[in-house]
Structure formats: C-alpha cells, structure tokens
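Asker: Next up, final01.txt (compact mmCIF, C-alpha atoms and all ligand atoms).
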# COMPACT_ATOMS: atom_id res chain seq x y z
CA MET O 1 -4.93 50.80 1.84
CA GLY O 2 -3.57 54.29 2.43
CA GLN O 3 -3.31 57.03 -0.15
CA GLN O 4 0.06 57.96 -1.55
CA VAL O 5 0.68 61.45 -2.83
CA PHE O 6 1.79 60.09 -6.24
CA LEU O 7 1.04 56.77 -7.90
CA PRO O 8 1.85 56.32 -11.57
CA LYS O 9 -0.61 54.45 -13.75
CA PHE O 10 0.96 52.24 -16.41
CA HIS O 11 -0.87 50.58 -19.27
CA ILE O 12 0.99 47.43 -18.42
CA GLU O 13 0.19 45.02 -21.24
CA GLU O 14 0.77 47.66 -23.90
CA CYS O 15 4.00 48.80 -22.25
CA LEU O 16 5.25 45.22 -22.08
CA GLU O 17 4.39 44.71 -25.74
CA ALA O 18 6.42 47.79 -26.71
CA VAL O 19 9.34 46.65 -24.55
CA ARG O 20 9.07 43.17 -26.09
CA GLU O 21 9.54 44.73 -29.53
CA CYS O 22 12.86 46.19 -28.35
CA LEU O 23 14.00 42.91 -26.86
CA GLU O 24 13.02 40.87 -29.91
CA LYS O 25 14.77 43.30 -32.22
CA GLY O 26 17.80 43.29 -29.95
CA TRP O 27 17.73 47.08 -29.79
CA THR O 28 17.34 48.63 -26.33
CA GLY O 29 19.69 51.60 -26.64
CA LEU O 30 19.86 54.93 -28.48
CA GLY O 31 18.00 55.06 -31.81
CA TYR O 32 14.95 53.02 -32.87
CA LYS O 33 12.26 53.81 -30.24
CA THR O 34 14.06 56.97 -29.08
CA VAL O 35 13.72 58.37 -32.61
CA GLU O 36 10.09 57.22 -32.79
CA PHE O 37 9.30 58.95 -29.52
CA GLU O 38 11.06 62.16 -30.53
CA GLU O 39 8.90 62.27 -33.68
CA ALA O 40 5.74 61.49 -31.68
CA TRP O 41 6.55 64.23 -29.14
CA LYS O 42 7.15 66.82 -31.87
CA LYS O 43 3.86 65.91 -33.49
CA TYR O 44 2.00 66.02 -30.17
CA THR O 45 3.46 69.32 -28.90
CA GLY O 46 4.36 71.27 -32.03
CA HIS O 47 8.00 71.66 -30.98
CA THR O 48 10.37 71.92 -33.97
CA ASN O 49 13.11 69.94 -32.23
CA ALA O 50 13.01 67.27 -29.53
CA HIS O 51 15.88 65.21 -28.15
CA PHE O 52 15.16 62.33 -25.77
CA LEU O 53 17.37 62.21 -22.65
CA ASN O 54 17.78 60.07 -19.56
CA SER O 55 16.23 62.81 -17.35
CA ASN O 56 14.96 66.34 -17.17
CA THR O 57 17.94 67.11 -14.91
CA ALA O 58 20.35 66.13 -17.70
CA GLY O 59 18.34 68.38 -20.02
CA LEU O 60 18.56 71.41 -17.73
CA TYR O 61 22.31 70.87 -17.34
CA LEU O 62 22.72 70.74 -21.13
CA ALA O 63 20.44 73.73 -21.67
CA VAL O 64 22.53 76.03 -19.48
CA GLU O 65 25.88 74.68 -20.72
CA ILE O 66 24.99 74.96 -24.41
CA LEU O 67 23.47 78.44 -24.10
CA LYS O 68 26.47 79.57 -22.05
CA GLU O 69 28.87 78.39 -24.73
CA LYS O 70 26.79 79.68 -27.63
CA TYR O 71 26.35 83.18 -26.22
CA GLY O 72 29.73 83.48 -24.50
CA TRP O 73 28.44 83.89 -20.96
CA ALA O 74 31.13 84.16 -18.28
CA ASP O 75 31.54 82.42 -14.96
CA GLY O 76 29.74 84.49 -12.35
CA ASP O 77 27.08 85.70 -14.80
CA GLU O 78 23.55 85.41 -13.45
CA ILE O 79 20.40 83.49 -14.26
CA ILE O 80 17.19 84.52 -12.51
CA SER O 81 15.32 81.55 -11.06
CA THR O 82 12.75 80.51 -8.48
CA PRO O 83 13.31 79.27 -4.93
CA ILE O 84 10.13 77.13 -5.19
CA THR O 85 11.38 74.20 -7.26
CA PHE O 86 13.17 70.88 -7.20
CA VAL O 87 16.91 71.48 -6.83
CA SER O 88 17.70 70.24 -10.37
CA THR O 89 16.51 73.60 -11.70
CA ASN O 90 19.03 75.63 -9.74
CA HIS O 91 21.86 73.08 -9.70
CA ALA O 92 21.93 73.36 -13.50
CA ILE O 93 22.97 77.01 -13.12
CA LEU O 94 25.50 76.37 -10.34
CA HIS O 95 27.14 73.56 -12.32
CA GLN O 96 28.09 76.11 -14.97
CA ASN O 97 29.77 78.34 -12.37
CA MET O 98 26.99 80.83 -12.87
CA LYS O 99 24.99 82.48 -10.10
CA VAL O 100 21.37 81.75 -9.28
CA LYS O 101 19.69 85.09 -8.67
CA PHE O 102 16.45 84.30 -6.87
CA ALA O 103 13.25 86.15 -7.75
CA ASP O 104 10.03 85.85 -5.80
CA VAL O 105 6.91 83.93 -6.82
CA ASP O 106 3.38 85.15 -7.52
CA GLU O 107 0.07 83.65 -6.36
CA PHE O 108 0.52 80.79 -8.86
CA LEU O 109 3.90 79.95 -7.22
CA CYS O 110 5.52 80.77 -10.56
CA LEU O 111 8.10 83.56 -11.04
CA ASP O 112 6.62 87.00 -10.43
CA PRO O 113 7.41 89.21 -13.46
CA ALA O 114 7.61 92.38 -11.34
CA ASP O 115 10.25 90.87 -9.06
CA VAL O 116 12.11 89.31 -12.00
CA GLU O 117 12.45 92.76 -13.55
CA LYS O 118 13.77 94.14 -10.26
CA LYS O 119 16.39 91.40 -10.01
CA ILE O 120 17.94 92.10 -13.43
CA THR O 121 21.52 93.39 -13.30
CA GLU O 122 24.17 93.94 -15.96
CA LYS O 123 25.28 90.34 -15.34
CA THR O 124 21.87 88.78 -16.01
CA ARG O 125 21.89 86.49 -19.04
CA ALA O 126 18.75 84.40 -18.75
CA VAL O 127 15.59 83.55 -16.83
CA MET O 128 14.73 80.00 -15.76
CA PHE O 129 10.93 79.59 -15.44
CA VAL O 130 9.29 76.61 -13.74
CA GLY O 131 5.70 75.87 -14.79
CA TYR O 132 4.72 75.02 -11.22
CA GLY O 133 2.29 72.10 -11.11
CA GLY O 134 1.81 72.56 -14.87
CA ARG O 135 0.78 76.20 -14.45
CA PHE O 136 1.41 78.89 -17.05
CA GLY O 137 1.45 81.63 -14.42
CA ARG O 138 2.54 84.89 -16.06
CA LEU O 139 4.93 83.30 -18.54
CA ASP O 140 3.68 85.67 -21.25
CA GLU O 141 4.93 88.65 -19.21
CA ILE O 142 8.24 86.90 -18.53
CA ILE O 143 8.66 86.38 -22.30
CA ALA O 144 8.13 90.12 -22.83
CA ILE O 145 10.69 91.00 -20.13
CA CYS O 146 13.27 88.66 -21.69
CA GLU O 147 12.72 90.31 -25.06
CA LYS O 148 13.00 93.80 -23.59
CA TYR O 149 16.27 93.07 -21.77
CA ASN O 150 17.68 90.65 -24.36
CA LEU O 151 17.73 87.67 -21.99
CA LYS O 152 17.45 83.97 -22.89
CA LEU O 153 14.50 82.03 -21.49
CA ILE O 154 14.70 78.43 -20.27
CA LEU O 155 11.44 76.65 -19.40
CA ASP O 156 11.64 73.85 -16.82
CA ALA O 157 8.51 72.05 -17.98
CA ALA O 158 8.98 69.04 -15.67
CA HIS O 159 5.35 69.42 -14.54
CA MET O 160 3.95 70.63 -17.85
CA SER O 161 3.52 67.53 -20.02
CA GLY O 162 0.16 68.10 -21.68
CA THR O 163 -0.42 71.68 -20.47
CA ARG O 164 -1.81 73.92 -23.18
CA VAL O 165 -2.71 77.60 -23.34
CA ASN O 166 -5.51 78.30 -25.78
CA GLY O 167 -4.60 75.00 -27.39
CA VAL O 168 -0.89 75.79 -27.70
CA PHE O 169 1.96 74.13 -25.80
CA PRO O 170 3.61 76.97 -23.82
CA GLY O 171 7.11 75.67 -24.58
CA THR O 172 6.54 76.34 -28.27
CA LEU O 173 5.79 80.05 -27.79
CA ASN O 174 8.06 82.55 -29.50
CA GLY O 175 10.70 83.83 -27.13
CA ILE O 176 11.33 80.56 -25.29
CA ASP O 177 14.80 79.31 -26.18
CA VAL O 178 14.63 75.84 -24.69
CA THR O 179 12.02 73.72 -22.93
CA VAL O 180 12.83 70.66 -20.81
CA TYR O 181 10.25 67.99 -19.86
CA SER O 182 10.48 65.19 -17.29
CA PHE O 183 9.13 61.67 -17.72
CA GLN O 184 10.40 60.54 -14.32
CA ALA O 185 8.56 57.79 -12.45
CA VAL O 186 5.79 59.96 -10.93
CA LYS O 187 5.41 62.74 -13.48
CA ASN O 188 2.32 63.09 -15.70
CA LEU O 189 3.91 60.97 -18.42
CA PRO O 190 5.69 58.40 -16.28
CA THR O 191 8.42 56.10 -17.64
CA ALA O 192 11.03 55.25 -15.02
CA ASP O 193 13.52 57.99 -15.73
CA SER O 194 13.75 60.07 -18.88
CA GLY O 195 13.20 63.55 -20.24
CA MET O 196 13.02 65.63 -23.40
CA ILE O 197 14.92 68.77 -24.39
CA CYS O 198 13.38 70.99 -27.06
CA PHE O 199 15.55 73.79 -28.43
CA ALA O 200 13.87 76.41 -30.60
CA ASP O 201 17.13 76.76 -32.57
CA SER O 202 17.89 73.67 -34.68
CA GLU O 203 21.64 74.35 -34.56
CA LEU O 204 21.55 74.07 -30.75
CA ASP O 205 19.51 70.87 -31.04
CA SER O 206 22.21 69.32 -33.18
CA ILE O 207 24.96 70.44 -30.76
CA CYS O 208 22.89 69.00 -27.91
CA ARG O 209 22.68 65.61 -29.63
CA LYS O 210 26.47 65.45 -29.62
CA TYR O 211 26.80 66.62 -26.01
CA SER O 212 24.36 63.97 -24.80
CA TRP O 213 26.55 61.19 -26.26
CA LEU O 214 30.07 62.05 -25.10
CA GLY O 215 30.49 64.78 -27.74
CA ILE O 216 30.64 62.23 -30.54
CA ASN O 217 29.96 63.55 -34.04
CA LYS O 218 28.39 60.74 -36.04
CA ASP O 219 28.10 62.86 -39.20
CA THR O 220 31.80 62.36 -39.89
CA TYR O 221 31.46 58.62 -40.43
CA GLU O 222 28.01 58.86 -41.96
CA ARG O 223 29.54 60.99 -44.69
CA THR O 224 32.59 58.86 -45.34
CA SER O 225 31.01 55.44 -45.28
CA SER O 226 28.05 54.04 -47.09
CA THR O 227 28.76 50.47 -46.05
CA GLY O 228 29.18 51.12 -42.34
CA ASN O 229 32.75 49.82 -42.31
CA TYR O 230 34.08 53.03 -40.83
CA LYS O 231 31.62 53.53 -37.99
CA TRP O 232 34.46 53.80 -35.49
CA ARG O 233 36.00 56.69 -37.43
CA TYR O 234 33.96 59.41 -35.82
CA ASP O 235 35.21 62.73 -34.51
CA VAL O 236 34.66 63.93 -30.96
CA ASP O 237 33.66 67.57 -31.01
CA TYR O 238 32.89 68.23 -27.35
CA LEU O 239 33.72 67.02 -23.86
CA GLY O 240 30.24 65.55 -23.64
CA TYR O 241 28.19 63.37 -21.32
CA LYS O 242 26.28 60.11 -21.34
CA TYR O 243 22.86 61.75 -21.06
CA HIS O 244 20.86 60.34 -23.98
CA GLY O 245 17.73 58.22 -23.50
CA ASN O 246 17.24 54.56 -24.44
CA SER O 247 14.67 52.52 -26.35
CA ILE O 248 13.20 50.79 -23.28
CA MET O 249 12.26 54.14 -21.72
CA ALA O 250 11.05 55.39 -25.11
CA ALA O 251 8.88 52.29 -25.48
CA LEU O 252 7.17 53.12 -22.19
CA ALA O 253 6.89 56.78 -23.16
CA LEU O 254 5.34 56.03 -26.57
CA THR O 255 2.68 53.92 -24.88
CA GLN O 256 1.98 56.35 -22.04
CA LEU O 257 1.78 59.31 -24.44
CA LYS O 258 -1.42 57.88 -25.91
CA TYR O 259 -3.10 58.36 -22.54
CA LEU O 260 -1.57 61.66 -21.44
CA ASP O 261 -4.48 63.88 -22.47
CA SER O 262 -7.14 61.64 -20.95
CA ASP O 263 -5.03 61.21 -17.78
CA ASN O 264 -4.69 64.99 -17.46
CA ALA O 265 -8.43 65.44 -18.05
CA ARG O 266 -9.05 63.05 -15.15
CA ARG O 267 -6.60 65.04 -12.98
CA ARG O 268 -8.64 68.17 -13.71
CA GLU O 269 -11.84 66.39 -12.63
CA MET O 270 -10.21 65.50 -9.32
CA VAL O 271 -8.96 69.08 -8.93
CA LYS O 272 -12.55 70.30 -9.39
CA ILE O 273 -13.75 67.94 -6.66
CA TYR O 274 -11.05 69.12 -4.27
CA ASP O 275 -11.89 72.73 -5.12
CA GLU O 276 -15.60 72.19 -4.49
CA CYS O 277 -14.94 70.55 -1.13
CA LEU O 278 -12.26 72.97 0.11
CA ALA O 279 -13.02 76.39 -1.41
CA SER O 280 -15.61 77.38 1.19
CA ASN O 281 -13.23 76.73 4.08
CA ASN O 282 -11.69 80.12 4.77
CA LYS O 283 -8.76 78.57 6.63
CA ILE O 284 -7.64 76.86 3.45
CA HIS O 285 -5.93 78.68 0.62
CA ILE O 286 -5.99 76.84 -2.70
CA ILE O 287 -3.08 77.63 -5.02
CA PRO O 288 -4.84 78.88 -8.18
CA ALA O 289 -3.98 78.22 -11.81
CA THR O 290 -4.28 80.27 -14.96
CA TYR O 291 -5.82 78.31 -17.86
CA GLU O 292 -7.00 75.71 -15.38
CA ASP O 293 -9.05 73.92 -18.03
CA GLU O 294 -5.83 73.15 -19.92
CA CYS O 295 -3.41 72.70 -17.01
CA SER O 296 -1.69 69.33 -16.52
CA PHE O 297 -2.07 69.64 -12.71
CA HIS O 298 0.97 67.60 -11.80
CA ILE O 299 0.18 68.42 -8.15
CA TYR O 300 -2.72 69.80 -6.10
CA GLU O 301 -1.50 72.30 -3.58
CA ILE O 302 -3.15 74.07 -0.65
CA ALA O 303 -1.74 76.32 2.08
CA VAL O 304 -2.85 76.15 5.73
CA ASP O 305 -1.68 77.73 9.00
CA ASN O 306 -0.50 74.58 10.71
CA ARG O 307 0.86 72.61 7.81
CA ASP O 308 3.04 70.11 9.69
CA ALA O 309 0.21 69.18 12.07
CA LEU O 310 -2.15 68.65 9.12
CA MET O 311 0.40 66.40 7.42
CA ASN O 312 0.80 64.34 10.61
CA PHE O 313 -2.97 64.06 11.07
CA LEU O 314 -3.45 62.91 7.48
CA ALA O 315 -0.59 60.39 7.81
CA GLU O 316 -2.27 58.94 10.91
CA ASN O 317 -5.27 58.43 8.66
CA GLU O 318 -3.06 56.83 6.04
CA VAL O 319 -3.21 59.75 3.66
CA PHE O 320 0.31 60.66 2.66
CA THR O 321 1.15 64.16 1.50
CA GLY O 322 4.21 66.09 0.36
CA VAL O 323 5.69 69.57 0.21
CA HIS O 324 6.52 71.10 -3.18
CA TYR O 325 8.79 72.74 -2.40
CA ARG O 326 10.97 73.76 0.46
CA ASP O 327 12.29 77.28 -0.22
CA ASN O 328 15.63 76.51 -1.92
CA THR O 329 17.36 79.35 -0.03
CA GLU O 330 17.07 77.14 3.06
CA TYR O 331 19.72 74.87 1.54
CA GLY O 332 23.32 75.76 2.42
CA MET O 333 24.55 76.37 -1.10
CA TYR O 334 21.68 78.76 -1.85
CA SER O 335 21.50 80.41 1.57
CA TYR O 336 23.00 83.65 0.21
CA GLY O 337 19.50 84.19 -1.24
CA GLN O 338 17.78 84.23 2.15
CA GLY O 339 15.53 87.23 2.65
CA THR O 340 15.37 88.08 -1.07
CA CYS O 341 12.07 86.28 -1.77
CA PRO O 342 9.77 86.86 1.23
CA ARG O 343 6.59 85.56 -0.40
CA ALA O 344 8.22 82.29 -1.46
CA HIS O 345 9.74 81.86 1.99
CA GLU O 346 6.42 82.40 3.77
CA ILE O 347 4.23 80.24 1.50
CA SER O 348 6.77 77.42 1.54
CA LYS O 349 6.10 76.98 5.28
CA HIS O 350 2.38 76.48 4.65
CA ILE O 351 1.97 74.51 1.44
CA VAL O 352 1.04 70.86 1.34
CA THR O 353 0.59 68.58 -1.66
CA LEU O 354 -2.54 66.41 -1.46
CA PRO O 355 -2.75 63.04 -3.25
CA LEU O 356 -3.59 63.44 -6.93
CA HIS O 357 -3.19 60.44 -9.18
CA LEU O 358 -5.10 58.17 -11.54
CA GLY O 359 -5.69 55.54 -8.86
CA LEU O 360 -8.08 57.75 -6.86
CA SER O 361 -11.86 57.52 -7.17
CA ASP O 362 -14.12 60.56 -6.77
CA ASP O 363 -15.17 59.28 -3.36
CA GLU O 364 -11.57 58.87 -2.24
CA VAL O 365 -10.84 62.46 -3.25
CA ARG O 366 -13.91 63.59 -1.27
CA GLY O 367 -12.74 61.46 1.66
CA ILE O 368 -9.31 63.14 1.69
CA ALA O 369 -10.93 66.58 1.41
CA LYS O 370 -13.23 65.72 4.34
CA LEU O 371 -10.25 64.78 6.51
CA VAL O 372 -8.58 68.08 5.62
CA ASN O 373 -11.75 70.02 6.44
CA ASP O 374 -12.23 68.12 9.71
CA PHE O 375 -8.73 68.97 10.85
CA VAL O 376 -8.47 72.53 9.60
CA GLY O 377 -12.12 73.13 10.52
C1 LIG C 1 11.07 66.23 -11.34
C2 LIG C 1 11.60 67.60 -11.56
C3 LIG C 1 12.85 67.83 -12.13
C4 LIG C 1 13.82 66.71 -12.42
O1 LIG C 1 13.31 65.79 -13.32
P1 LIG C 1 14.10 64.40 -13.54
O2 LIG C 1 13.51 63.87 -14.81
O3 LIG C 1 13.81 63.55 -12.35
O4 LIG C 1 15.53 64.72 -13.65
C5 LIG C 1 13.23 69.13 -12.40
N1 LIG C 1 12.45 70.18 -12.09
C6 LIG C 1 11.25 70.01 -11.49
C7 LIG C 1 10.41 71.21 -11.19
C8 LIG C 1 10.79 68.71 -11.20
O5 LIG C 1 9.62 68.55 -10.59
Turn the structure described in the file into structure tokens.

Answerer:
Amino acid sequence: MGQQVFLPKFHIEECLEAVRECLEKGWTGLGYKTVEFEEAWKKYTGHTNAHFLNSNTAGLYLAVEILKEKYGWADGDEIISTPITFVSTNHAILHQNMKVKFADVDEFLCLDPADVEKKITEKTRAVMFVGYGGRFGRLDEIIAICEKYNLKLILDAAHMSGTRVNGVFPGTLNGIDVTVYSFQAVKNLPTADSGMICFADSELDSICRKYSWLGINKDTYERTSSTGNYKWRYDVDYLGYKYHGNSIMAALALTQLKYLDSDNARRREMVKIYDECLASNNKIHIIPATYEDECSFHIYEIAVDNRDALMNFLAENEVFTGVHYRDNTEYGMYSYGQGTCPRAHEISKHIVTLPLHLGLSDDEVRGIAKLVNDFVG
C-alpha cells in the first residue's frame, strides 16, 4: 500500500467506549464531555481558560471578533500575519473587515520578527502568529515586539498540540492574548473536527462562551431558577454563532489526549530518521525547528529545486506528499500582498511535506528518504 502524507491513528476501542458513554447517557451535545475535555486540556497545558469549539477556524474567527470589540478596533485596522499558512488564519482577519498585513517568514517558516517590526503602522492592532509545524520559531521576540508597540497577540496553534518550550506550553506565555488549537481529522490530536480557544483574560473567555452559542446568556436563567423551570428565559447578549463543540468530539479528544505525548515522541523519532538520511544531501534543505526535542512536528518539510517533479516521482512510487503552504498572496483576495514577502514567496515554490504519521515504521521512513535521495541525488 502507498504512503499517505497524513494518517490519523485512533485508539478505536477506547474511543468507541467513550462515545458509547455519551449515547447511553443520551447526551451528545454541549456540556458533559465538552466540560470534561476543557478541564483535561487546562490541566494538560496550564492554560487558565479553555473553551471547546467545533473547529480551530471558528476559534480564530471568534478571537479576532472578540478582541476587535473589546479594544474598539475599526474596520480597516491591520493585523500582521503570515502568507505561509492555511487560509483560515487570514480569513479570520478579513471576516472582521480588517486588513491582513503580510510579514515575511524566517528560516523556521514562522513570522520573522525583524519584518514584523517593519510592517507596523499606526493602524496595526495585533499580530497573528502561526506555530508552523508545531515550531516555536522566534515567538519570544514577537511577544517582546507586541509589548513594545502595545499590540495584541493571537497564536494559531493548529499544529502545536503538545509542543513545549523548556517544559512550558507556548500558548500560556505572558503576552499571548489568545491561543487556538485544532483537533481536525489529521492534526496531532485528531477527532473529526473540533478545536479549543484559550483566552488569557477570563472575561473574554466568558464572552466567547456566549458567542459560540448564538450569544445566549445562560447565567440569567441559572440565577432565577433553581428548579430549571425557567430554562427558556435566557437573555441573548450578542449576535452569536453556532460554533461550540459537542460531546462526541470531546469523547474522542479525551481518549486521544492520553496518547498525545507518546504520539509526538514517535513523530520526533521519525523526524530524526529523516534528518539522518537527508541532511548530508546538499540539494535538500530541511526546514529546521527551535526546541526540536519538544516540538509536536505536525509536518516534516524539506525544500528542493524541482519540487513538482519530486512530488510526481514520489507519487509514481505511491508516496503521497503535500505542500504546506502555497504563499497566500497567490490567492486573489490576498494578491495585494504580492511582492511584500519575498522569502515566503520563494520558499513556497520549493517546499514539500513528506509523510509523517503514526502508521509508518522506521524502515518505511528510510524507504521514503531513499526515494527522495535517489531522485534529488
Ligand atoms: C488546520 C489548520 C487550521 C484550521 O483548523 P480547523 O480545525 O480545520 O478549522 C488553521 N490554521 C492552520 C495553520 C491549520 O493547519
């Protein structure tokens, strides 16, 4: 059988048992397992607040909207972001009628602090940082820049489930206003679709909980009714969304969380094998990582001259690869940013994502690396 670029590993019997509990209880929606998973995630990461959502995308949308409202940002105000990401990151900014100001990436394919500082204008309100492949990059320097210029900092941690820096989860560092994780089908903690939003400020967490369920304020009936007779007598504080997570997804997440650290440790072993096989080939550039012993390594990325030909060759050998990501300024709605991030634009033409998942044996990783070496030679 061929090798896919991603293949989630589920602990099937345990997942089914957790789902069975929901079905037997007759509780598959909001509450119950979603609350359990929020508590488990806080304990695991050290975040003060955690709210379970139906995706990371929903979380990014809420993050920008809630910060915009809280701090009185105007339409047309700017958020600095990366062109090397999945479009959710930048769509979240556009949806709020704000402008994505693109800054270039560094060698880790994370935002380059020097270019971020250059892209700050009087309209800049925040920075959106993507922990590319689970990498920390120079997030510490970005935090310092945000403090210096009084900017908010949003962390798109879609790839970062399990990443630590000296034992600490980067999203919990002082200076990060909100962190958003993804538990989408092929991420490091796979469910089917879900995500977590972690505000540093508990007031924003409580606003977010209302936004994610149509703006409904449950406190109003909780206060007026001890018997539950008046549950329909809630107030609606915001024009909210249906973005919250459900107990079936949380049941999968609670089970998968038990294995996240060991899964990530196995990813790092495979990364080491790839590195050993590919590092001596001077026609291959391996995208490096800071804190690589604690990185979640959502993806393994190399850059080569003739990327498309390599991808075709590997596909002929039933090894399927990907590109993370196409420079977002190549998309029509972001094309105004063309030419502003030369390094991102150039590297995006050469990067290729090699298979990295829990279904691969050491020998299969070596086999893929050998094919790459044979072709790039
Ligand atoms: C997967 C991903 C998202 C979106 O996550 P969903 O949970 O699918 O909404 C956002 N940003 C990045 C960098 C991603 O890789």

Asker: Around ligand LIG 1 (chain C), out to 9 Å and counting all atoms listed in the file, which residues are there? I want them as number ranges by chain.

Answerer: O: 53-60, 84-90, 130-133, 156-159, 180-187, 192-196, 298, 324

Asker: Give the answer as one residue: which of O:Ile154, O:Thr191, O:His47, O:Val5 has the shortest atom-to-atom distance to Asn246 of chain O, using all atoms listed in the file?

Answerer: O:Thr191

Asker: Check the smallest atom-to-atom distance from each of O:Glu117, O:Glu38, O:Glu17, O:Glu203 to Glu141 of chain O using all atoms listed in the file, then report the winner.

Answerer: O:Glu117

Asker: Using all atoms listed in the file, which residues sit within 10 Å of Ser81 of chain O once same-chain residues fewer than 2 positions away are excluded, as a CSV table (one decimal) with C-alpha atoms, in the frame of the given file?

Answerer:
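Contents of selection17.csv, freshly written:
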chain,number,residue,atom,x,y,z
O,78,GLU,CA,23.6,85.4,-13.4
O,79,ILE,CA,20.4,83.5,-14.3
O,83,PRO,CA,13.3,79.3,-4.9
O,84,ILE,CA,10.1,77.1,-5.2
O,85,THR,CA,11.4,74.2,-7.3
O,89,THR,CA,16.5,73.6,-11.7
O,90,ASN,CA,19.0,75.6,-9.7
O,93,ILE,CA,23.0,77.0,-13.1
O,99,LYS,CA,25.0,82.5,-10.1
O,100,VAL,CA,21.4,81.8,-9.3
O,101,LYS,CA,19.7,85.1,-8.7
O,102,PHE,CA,16.4,84.3,-6.9
O,103,ALA,CA,13.2,86.2,-7.8
O,104,ASP,CA,10.0,85.8,-5.8
O,105,VAL,CA,6.9,83.9,-6.8
O,110,CYS,CA,5.5,80.8,-10.6
O,111,LEU,CA,8.1,83.6,-11.0
O,116,VAL,CA,12.1,89.3,-12.0
O,119,LYS,CA,16.4,91.4,-10.0
O,126,ALA,CA,18.8,84.4,-18.8
O,127,VAL,CA,15.6,83.6,-16.8
O,128,MET,CA,14.7,80.0,-15.8
O,129,PHE,CA,10.9,79.6,-15.4
O,130,VAL,CA,9.3,76.6,-13.7
O,154,ILE,CA,14.7,78.4,-20.3

Asker: For the atom pair atom CA of Ala200 of chain O and atom CA of Thr172 of chain O, what is the interatomic distance in Å to one decimal place?

Answerer: 7.7 Å

Asker: Between O:Ile216, O:Ala63, O:Met249, O:Leu354, single out the one closest to Ala303 of chain O, counting only C-alpha atoms.

Answerer: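 The answer is O:Leu354, which sits nearest to Ala303 of chain O.
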
Asker: May I ask for the distance between atom CA of Leu204 of chain O and atom CA of Lys43 of chain O, given in Å to one decimal place?

Answerer: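 Distance between the two atoms: 19.7 Å.
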
Asker: Could you please determine the separation between atom CA of Glu147 of chain O and atom CA of Gly175 of chain O in Å, to one decimal place?

Answerer: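 Interatomic distance, atom CA of Glu147 of chain O to atom CA of Gly175 of chain O: 7.1 Å.
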
Asker: Looking at all atoms listed in the file, which of O:Tyr274, O:Trp27, O:Tyr44, O:Trp73 is the one that sits closest to Gly367 of chain O?

Answerer: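 Distance minimum relative to Gly367 of chain O lands on O:Tyr274.
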
Asker: For segment 365-369 of chain O, what centre and edge lengths in Å (one decimal) does the axis-aligned box get once 5 Å is added on each side of all its listed atoms, as JSON?

Answerer:
{"center_x": -11.6, "center_y": 64.0, "center_z": -0.8, "size_x": 14.6, "size_y": 15.1, "size_z": 14.9}

Asker: So that I can see what lies close to segment 207-209 of chain O, please list as a list of chain:residue names the residues with an atom at most 8 Å from it, counting only C-alpha atoms and leaving out residues fewer than 6 positions away in the same chain.

Answerer: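 Listed by chain and then number, they are O:His51, O:Leu62, O:Ile66, O:His244.
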
Asker: For Asn306 of chain O, which residue among O:Phe375, O:Asp177, O:Leu278, O:Ser247 is the nearest when counting only C-alpha atoms?

Answerer: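 Smallest distance to Asn306 of chain O is found for O:Phe375.
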
Asker: Identify which of the residues O:Gly46, O:Gly240, O:Gly245, O:Gly72 lies closest to Pro170 of chain O, counting all atoms listed in the file when measuring atom-to-atom distances.

Answerer: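 Under the stated criterion, the closest residue is O:Gly46.
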
Asker: At a cut-off of 12 Å around the point (10.7, 86.4, 1.6) (file coordinates), what residues fall inside when counting only C-alpha atoms? I'd like the answer as an MDAnalysis selection string.

Answerer: chainID O and resid 82:84 102:106 115 327:330 337:349

Asker: Within 12 Å of Val365 of chain O, counting all atoms listed in the file, which residues qualify if same-chain residues fewer than 2 places away don't, as a PyMOL selection string?

Answerer: chain O and resi 3-5+267+269-278+300+319+354-363+367-372

Asker: Select, counting all atoms listed in the file, all protein, DNA and RNA residues no farther than 9 Å from (-7.0, 67.5, -21.3) in file coordinates, and express the selection as a ChimeraX atom specification.

Answerer: /O:162-164,260-268,293-296

Asker: Please produce an output containing C-alpha atoms for each residue in the selection, written as a short mmCIF file (atom, residue, chain, number, x, y, z; two decimals), in the frame of the given file.

Answerer:
data_model
loop_
_atom_site.label_atom_id
_atom_site.label_comp_id
_atom_site.auth_asym_id
_atom_site.auth_seq_id
_atom_site.Cartn_x
_atom_site.Cartn_y
_atom_site.Cartn_z
CA GLY O 162 0.16 68.10 -21.68
CA THR O 163 -0.42 71.68 -20.47
CA ARG O 164 -1.81 73.92 -23.18
CA LEU O 260 -1.57 61.66 -21.44
CA ASP O 261 -4.48 63.88 -22.47
CA SER O 262 -7.14 61.64 -20.95
CA ASP O 263 -5.03 61.21 -17.78
CA ASN O 264 -4.69 64.99 -17.46
CA ALA O 265 -8.43 65.44 -18.05
CA ARG O 266 -9.05 63.05 -15.15
CA ARG O 267 -6.60 65.04 -12.98
CA ARG O 268 -8.64 68.17 -13.71
CA ASP O 293 -9.05 73.92 -18.03
CA GLU O 294 -5.83 73.15 -19.92
CA CYS O 295 -3.41 72.70 -17.01
CA SER O 296 -1.69 69.33 -16.52
#

Asker: Which residues, written as a PyMOL selection string, have at least one atom at most 12 Å from Tyr71 of chain O, with all atoms listed in the file counted and residues fewer than 4 positions away on the same chain left out?

Answerer: chain O and resi 64-67+77+125-126+150-152+204
